Amino acid sequence: ILVSYAAKGLLPYHGLGSGITRALRSWPHIDFVDDHENCLFTAVIRRVPMPLQKMSVKMSEEMSEKILTILQSDPQRTASQLATALGVTRRTIERAIAALRKKGRLLRIGPTKGGRWEVLS
């Protein structure tokens with residue numbers, strides 16, 4: 001019944017029985033365990049340690065300058081709007097703003113909602 005719903009366009013359907021092959025192509029670190037005795041089929045998706053990518057000082061400075069430029073022209077921009085404009089996460093923007101505030105380059109005036117940013121020299 002579920003397959004018939006998927007086949008009729010409810011879900012992105014790629015063909016019956018193709019899921020395991022596609023999953024392995026996308027992420028080869030999957031183990032499949034077929035336990036006939038207990039009537040279980042288990043998929044174990046393993047995490048692979050990824051090297052931490054730290055933002056370089058140059059990249060951080062470029063990001064800070066972009067943020068300051070945007071906030072000079074539109075001081076009411078939110079962190080989410082900045083993140084969208086710069087193609088980074090909101091958390092990245094929040095860290096950059098905290099650093100700019102600590103350096104004395106950026107000041108928040110007013111409340112979180114309805115306030116504005118003031119760029120300092």
# chains A, B, ... in the order shown; residues from 1 in each chain; ligands from 1

$ residues_around --residues "Thr112 (chain A)" --least-positions-apart "6" --cutoff "12 Å" --atoms "only C-alpha atoms" --output "ChimeraX atom specification"
/A:76-79

$ write_last_selection --atoms "N, CA, C and O atoms" --output "JSON list (two decimals), in the first residue's frame"
[["chain", "number", "residue", "atom", "x", "y", "z"],
["A", 76, "GLN", "N", 19.17, 47.76, 10.64],
["A", 76, "GLN", "CA", 18.16, 46.93, 11.28],
["A", 76, "GLN", "C", 18.20, 45.47, 10.83],
["A", 76, "GLN", "O", 17.34, 44.69, 11.21],
["A", 77, "ARG", "N", 19.20, 45.10, 10.08],
["A", 77, "ARG", "CA", 19.31, 43.71, 9.62],
["A", 77, "ARG", "C", 19.47, 42.77, 10.82],
["A", 77, "ARG", "O", 20.15, 43.08, 11.77],
["A", 78, "THR", "N", 18.87, 41.60, 10.71],
["A", 78, "THR", "CA", 18.99, 40.58, 11.76],
["A", 78, "THR", "C", 20.13, 39.62, 11.41],
["A", 78, "THR", "O", 20.62, 39.60, 10.27],
["A", 79, "ALA", "N", 20.51, 38.82, 12.40],
["A", 79, "ALA", "CA", 21.56, 37.82, 12.17],
["A", 79, "ALA", "C", 21.13, 36.84, 11.09],
["A", 79, "ALA", "O", 21.94, 36.44, 10.25]]

$ atom_distance --atom1 "CA of Ser73 (chain A)" --atom2 "CA of Trp117 (chain A)"
10.3 Å

$ closest_residue --among "A:Thr92, A:Leu71, A:Ala98, A:Gly17" --to "Val119 (chain A)" --atoms "only C-alpha atoms"
A:Leu71

$ select_by_dssp --residues "region 58-97 of chain A" --states "helix (DSSP H, G or I)" --output "count of residues only"
32

$ closest_residue --among "A:Ile45, A:Cys39, A:Ser64, A:Thr69" --to "Ile20 (chain A)" --atoms "only C-alpha atoms"
A:Ile45

$ residues_around --residues "Arg91 (chain A)" --least-positions-apart "5" --cutoff "10 Å" --atoms "only C-alpha atoms" --output "compact mmCIF listing (two decimals) with C-alpha atoms, in the first residue's frame"
# COMPACT_ATOMS: atom_id res chain seq x y z
CA ALA A 79 21.56 37.82 12.17
CA SER A 80 19.37 35.52 10.05
CA ALA A 83 23.49 34.82 7.27
CA ALA A 96 31.41 37.38 14.14
CA ILE A 97 29.11 40.00 15.71

$ atom_distance --atom1 "CA of Leu120 (chain A)" --atom2 "CA of Leu106 (chain A)"
5.6 Å

$ atom_distance --atom1 "CA of Leu40 (chain A)" --atom2 "CA of Arg22 (chain A)"
21.0 Å

$ select_by_dssp --residues "region 29-85 of chain A" --states "strand (DSSP E)" --output "ChimeraX atom specification"
/A:30-35,40-45
